[in-house]
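J.: entry.txt is reproduced in full below (compact mmCIF, C-alpha atoms).
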# COMPACT_ATOMS: atom_id res chain seq x y z
CA MET A 1 7.49 -60.84 -3.72
CA GLU A 2 8.08 -64.47 -4.57
CA ASP A 3 8.69 -65.56 -8.16
CA VAL A 4 6.25 -68.15 -9.51
CA ILE A 5 6.27 -69.77 -12.93
CA ILE A 6 3.02 -71.15 -14.32
CA TYR A 7 2.53 -73.15 -17.50
CA THR A 8 -1.04 -73.57 -18.74
CA ASP A 9 -2.97 -75.22 -21.54
CA GLY A 10 -6.54 -75.88 -22.54
CA ALA A 11 -8.03 -78.50 -24.85
CA CYS A 12 -11.41 -79.32 -26.29
CA SER A 13 -12.89 -82.39 -27.93
CA GLY A 14 -15.30 -80.65 -30.26
CA ASN A 15 -15.54 -76.87 -30.04
CA PRO A 16 -17.85 -76.50 -28.19
CA GLY A 17 -17.63 -79.87 -26.54
CA LYS A 18 -15.92 -81.60 -23.65
CA GLY A 19 -12.99 -79.53 -22.49
CA GLY A 20 -10.04 -79.81 -20.16
CA TRP A 21 -7.33 -77.59 -18.78
CA GLY A 22 -4.00 -78.23 -17.15
CA ALA A 23 -1.47 -76.11 -15.29
CA ILE A 24 1.90 -76.53 -13.63
CA LEU A 25 2.95 -74.12 -10.89
CA MET A 26 6.63 -73.86 -9.99
CA TYR A 27 7.97 -72.08 -6.94
CA GLY A 28 11.58 -72.78 -6.01
CA ASP A 29 11.93 -76.56 -5.92
CA ILE A 30 8.18 -77.10 -5.59
CA LYS A 31 6.16 -78.20 -8.61
CA LYS A 32 2.39 -78.66 -8.49
CA GLU A 33 0.21 -80.01 -11.29
CA ILE A 34 -3.52 -79.25 -11.45
CA SER A 35 -6.21 -79.97 -14.01
CA GLY A 36 -9.94 -80.11 -14.53
CA GLY A 37 -12.62 -80.25 -17.16
CA MET A 38 -16.11 -79.26 -18.19
CA ALA A 39 -18.71 -81.19 -20.17
CA ASN A 40 -19.75 -78.32 -22.45
CA THR A 41 -17.19 -75.62 -23.12
CA THR A 42 -14.88 -74.13 -25.75
CA ASN A 43 -11.15 -74.34 -26.28
CA ASN A 44 -10.74 -70.64 -25.47
CA GLN A 45 -12.69 -71.02 -22.22
CA MET A 46 -10.33 -73.81 -21.19
CA GLU A 47 -7.28 -71.72 -22.16
CA LEU A 48 -8.56 -68.98 -19.81
CA THR A 49 -9.63 -71.33 -17.02
CA ALA A 50 -6.15 -72.85 -16.66
CA PRO A 51 -4.39 -69.66 -15.47
CA ILE A 52 -7.40 -68.69 -13.34
CA GLU A 53 -7.28 -71.98 -11.46
CA ALA A 54 -3.50 -71.74 -11.06
CA LEU A 55 -3.63 -68.15 -9.79
CA LYS A 56 -6.31 -69.11 -7.25
CA LEU A 57 -3.68 -71.22 -5.48
CA LEU A 58 -1.33 -68.30 -4.77
CA LYS A 59 -1.64 -67.20 -1.16
CA ARG A 60 0.04 -63.78 -1.45
CA PRO A 61 1.01 -61.30 -4.18
CA CYS A 62 3.72 -62.76 -6.43
CA ASN A 63 5.79 -62.03 -9.50
CA VAL A 64 4.25 -64.49 -11.94
CA LYS A 65 5.39 -65.61 -15.37
CA ILE A 66 2.58 -67.41 -17.19
CA TYR A 67 3.52 -69.46 -20.23
CA SER A 68 0.77 -70.41 -22.68
CA ASP A 69 0.52 -71.56 -26.28
CA SER A 70 -2.74 -69.60 -26.66
CA ALA A 71 -2.29 -66.50 -28.81
CA TYR A 72 -5.84 -65.49 -27.76
CA LEU A 73 -4.77 -65.41 -24.11
CA VAL A 74 -1.28 -63.93 -24.43
CA ASN A 75 -2.13 -61.33 -27.10
CA THR A 76 -4.96 -59.98 -24.98
CA PHE A 77 -2.27 -58.62 -22.66
CA LYS A 78 0.60 -58.06 -25.13
CA GLN A 79 -1.68 -56.06 -27.47
CA GLY A 80 -3.57 -54.20 -24.73
CA TRP A 81 -6.94 -55.67 -25.72
CA LEU A 82 -8.12 -56.14 -22.12
CA GLU A 83 -7.62 -52.48 -21.24
CA ASN A 84 -9.43 -51.42 -24.42
CA TRP A 85 -12.33 -53.79 -23.72
CA LYS A 86 -12.71 -52.35 -20.22
CA LYS A 87 -12.60 -48.76 -21.54
CA ASN A 88 -15.18 -49.63 -24.22
CA GLY A 89 -17.67 -51.21 -21.80
CA TRP A 90 -16.58 -54.76 -22.66
CA LYS A 91 -17.01 -54.22 -26.38
CA THR A 92 -14.47 -55.20 -29.04
CA ALA A 93 -13.07 -52.72 -31.56
CA ASP A 94 -15.94 -53.62 -33.89
CA LYS A 95 -18.50 -52.96 -31.10
CA LYS A 96 -19.32 -56.63 -30.42
CA SER A 97 -19.62 -57.99 -26.89
CA VAL A 98 -16.37 -59.50 -25.62
CA LYS A 99 -16.58 -63.28 -25.56
CA ASN A 100 -15.78 -64.98 -22.25
CA LYS A 101 -16.18 -61.68 -20.39
CA GLU A 102 -16.66 -63.36 -16.97
CA LEU A 103 -13.36 -65.23 -17.34
CA TRP A 104 -11.52 -62.08 -18.46
CA ILE A 105 -12.91 -60.20 -15.45
CA GLU A 106 -11.61 -62.94 -13.17
CA ILE A 107 -8.16 -62.82 -14.76
CA ASP A 108 -8.18 -59.02 -14.48
CA LYS A 109 -8.79 -59.31 -10.72
CA PHE A 110 -5.61 -61.37 -10.43
CA MET A 111 -3.77 -58.76 -12.52
CA GLN A 112 -4.53 -56.26 -9.72
CA ILE A 113 -2.98 -58.58 -7.08
CA HIS A 114 0.03 -60.07 -8.85
CA LYS A 115 2.67 -58.76 -11.22
CA ILE A 116 1.97 -61.04 -14.18
CA GLU A 117 4.04 -61.43 -17.34
CA TRP A 118 2.33 -63.34 -20.16
CA ILE A 119 4.66 -65.37 -22.39
CA LYS A 120 3.71 -67.16 -25.59
CA VAL A 121 5.25 -70.58 -26.20
CA LYS A 122 4.97 -72.71 -29.29
CA GLY A 123 2.36 -75.43 -28.78
CA HIS A 124 3.03 -79.11 -29.36
CA SER A 125 6.76 -78.59 -29.78
CA ASP A 126 9.71 -79.35 -27.53
CA ASN A 127 8.62 -77.49 -24.37
CA ILE A 128 8.24 -80.25 -21.77
CA TYR A 129 6.05 -78.16 -19.46
CA ASN A 130 3.68 -77.06 -22.22
CA ASN A 131 3.46 -80.65 -23.45
CA ARG A 132 2.71 -81.85 -19.92
CA CYS A 133 -0.05 -79.24 -19.54
CA ASP A 134 -1.56 -80.45 -22.81
CA GLU A 135 -1.43 -84.00 -21.47
CA LEU A 136 -3.13 -82.92 -18.23
CA ALA A 137 -5.87 -81.12 -20.21
CA VAL A 138 -6.49 -84.06 -22.55
CA ASN A 139 -6.57 -86.51 -19.63
CA ALA A 140 -9.11 -84.30 -17.85
CA ILE A 141 -11.40 -84.58 -20.90
CA LYS A 142 -11.13 -88.38 -20.79
CA LYS A 143 -12.39 -88.36 -17.18
CA LEU A 144 -15.64 -86.59 -18.13
If you took the structure in this file and wrote it as structure tokens, what would it be?
T.:
Amino acid sequence: MEDVIIYTDGACSGNPGKGGWGAILMYGDIKKEISGGMANTTNNQMELTAPIEALKLLKRPCNVKIYSDSAYLVNTFKQGWLENWKKNGWKTADKKSVKNKELWIEIDKFMQIHKIEWIKVKGHSDNIYNNRCDELAVNAIKKL
């Protein structure tokens, strides 16, 4: 399986409000930047949309490292929340419906295809790829 590195970020102007996402996919010497936005969304929805859109571009099963500054996204996998939500009929530990369920289901489908490692990076610091993803997300909002 090929190794792919993906950096992602989401942004929102107002929460909810106009939102954007950005991602950078790296495979060998190839680097691809993608981004998009929605007129009425939340920051968390954009944080989830970025890896979904990046993973859609992979043509075959890969070993994927996804870097994100979203604790919401990364902790869902590091803390086993997704598996618990699925076992509990998409309910949280306090019996509330899981927010953004459709997006989590889509990410889970990719988890069945690819070997994905989720890595938390510090946002708005010295990581050039994370900063570039933020820039892509913010620029996507400006285009709305």
J.: Per residue of stretch 3-67 of chain A within 12 Å of stretch 72-82 of chain A, note the shortest atom pair and the distance in Å to one decimal, counting all atoms listed in the file, and order the rows by chain and increasing residue number, as a tab-separated table.
T.:
residue	atom	partner	partner_atom	distance
A:Thr8	CA	A:Leu73	CA	10.5
A:Asp9	CA	A:Leu73	CA	10.3
A:Gly10	CA	A:Leu73	CA	10.7
A:Asn43	CA	A:Tyr72	CA	10.4
A:Asn44	CA	A:Tyr72	CA	7.5
A:Gln45	CA	A:Leu73	CA	9.9
A:Met46	CA	A:Leu73	CA	10.5
A:Glu47	CA	A:Leu73	CA	7.1
A:Leu48	CA	A:Leu73	CA	6.8
A:Thr49	CA	A:Leu73	CA	10.4
A:Ala50	CA	A:Leu73	CA	10.6
A:Pro51	CA	A:Leu73	CA	9.6
A:Ile52	CA	A:Leu73	CA	11.6
A:Lys65	CA	A:Val74	CA	11.4
A:Ile66	CA	A:Val74	CA	8.9
A:Tyr67	CA	A:Val74	CA	8.4
J.: Quick one: pull the distance between atom CA of A:Ala11 and atom CA of A:Val64, Å, one decimal.
T.: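 We find that atom CA of A:Ala11 and atom CA of A:Val64 lie 22.7 Å from each other.
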J.: Find the residue from A:Glu53, A:Asp134, A:Asp69, A:Asp126 that sits nearest to A:Ile107; use all atoms listed in the file when measuring.
T.: A:Glu53
J.: Please determine, counting all atoms listed in the file, which residue among A:Pro16, A:Pro61, A:Lys31, A:Asn40 has the shortest atom-to-atom distance to A:His114.
T.: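 Of A:Pro16, A:Pro61, A:Lys31, A:Asn40, the one nearest A:His114, counting all atoms listed in the file, is A:Pro61.
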J.: Each side padded by 8 Å, which centre and which edge lengths in Å (one decimal) define the axis-aligned box around the listed atoms of stretch 61-76 of chain A? Give them as JSON.
T.:
{"center_x": 0.0, "center_y": -65.8, "center_z": -16.5, "size_x": 27.6, "size_y": 27.6, "size_z": 40.6}
J.: I'd like the contact shell of stretch 24-28 of chain A - 12 Å cut-off, all atoms listed in the file, skipping same-chain residues fewer than 3 positions apart - returned as a ChimeraX atom specification.
T.: /A:1-9,21,31-35,50-58,62-68,128-137
J.: Using all atoms listed in the file for the distances, tell me which of A:Met38, A:Leu144, A:Ala23, A:Ala71 is nearest to A:Ile119.
T.: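 The answer is A:Ala71, which sits nearest to A:Ile119.
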J.: Grab the atom CA of A:Lys109 to atom CA of A:Ala39 distance for me, in Å with one decimal place.
T.: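 Taking atom CA of A:Lys109 and atom CA of A:Ala39, their separation equals 25.8 Å.
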J.: To one decimal place in Å, what is the distance between atom CA of A:Thr42 and atom CA of A:Glu83?
T.: 23.3 Å
J.: Using only C-alpha atoms, pick whichever of A:Thr41, A:Ile141, A:Ser70, A:Lys101 has the shortest atom-to-atom distance to A:Trp85.
T.: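 The closest residue to A:Trp85 is A:Lys101.
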J.: What lies within 7 Å of A:Gly36 using all atoms listed in the file, ignoring chain neighbours under 5 positions off, as an mmCIF file with C-alpha atoms, keeping the file's coordinate frame?
T.:
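Dumped everything to out.cif:
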data_model
loop_
_atom_site.group_PDB
_atom_site.id
_atom_site.type_symbol
_atom_site.label_atom_id
_atom_site.label_comp_id
_atom_site.auth_asym_id
_atom_site.auth_seq_id
_atom_site.Cartn_x
_atom_site.Cartn_y
_atom_site.Cartn_z
ATOM 1 C CA GLY A 20 -10.040 -79.810 -20.160
ATOM 2 C CA TRP A 21 -7.330 -77.590 -18.780
ATOM 3 C CA GLY A 22 -4.000 -78.230 -17.150
ATOM 4 C CA ALA A 140 -9.110 -84.300 -17.850
#
J.: With distances taken over all atoms listed in the file, which of A:Gly37, A:Trp104, A:Val121, A:Val98 is nearest to A:Ser13?
T.: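 Ranked by minimum distance to A:Ser13, first place goes to A:Gly37.
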J.: Check the smallest atom-to-atom distance from each of A:His124, A:Lys59, A:Lys86, A:Lys18 to A:Asn139 using only C-alpha atoms, then report the winner.
T.: A:Lys18
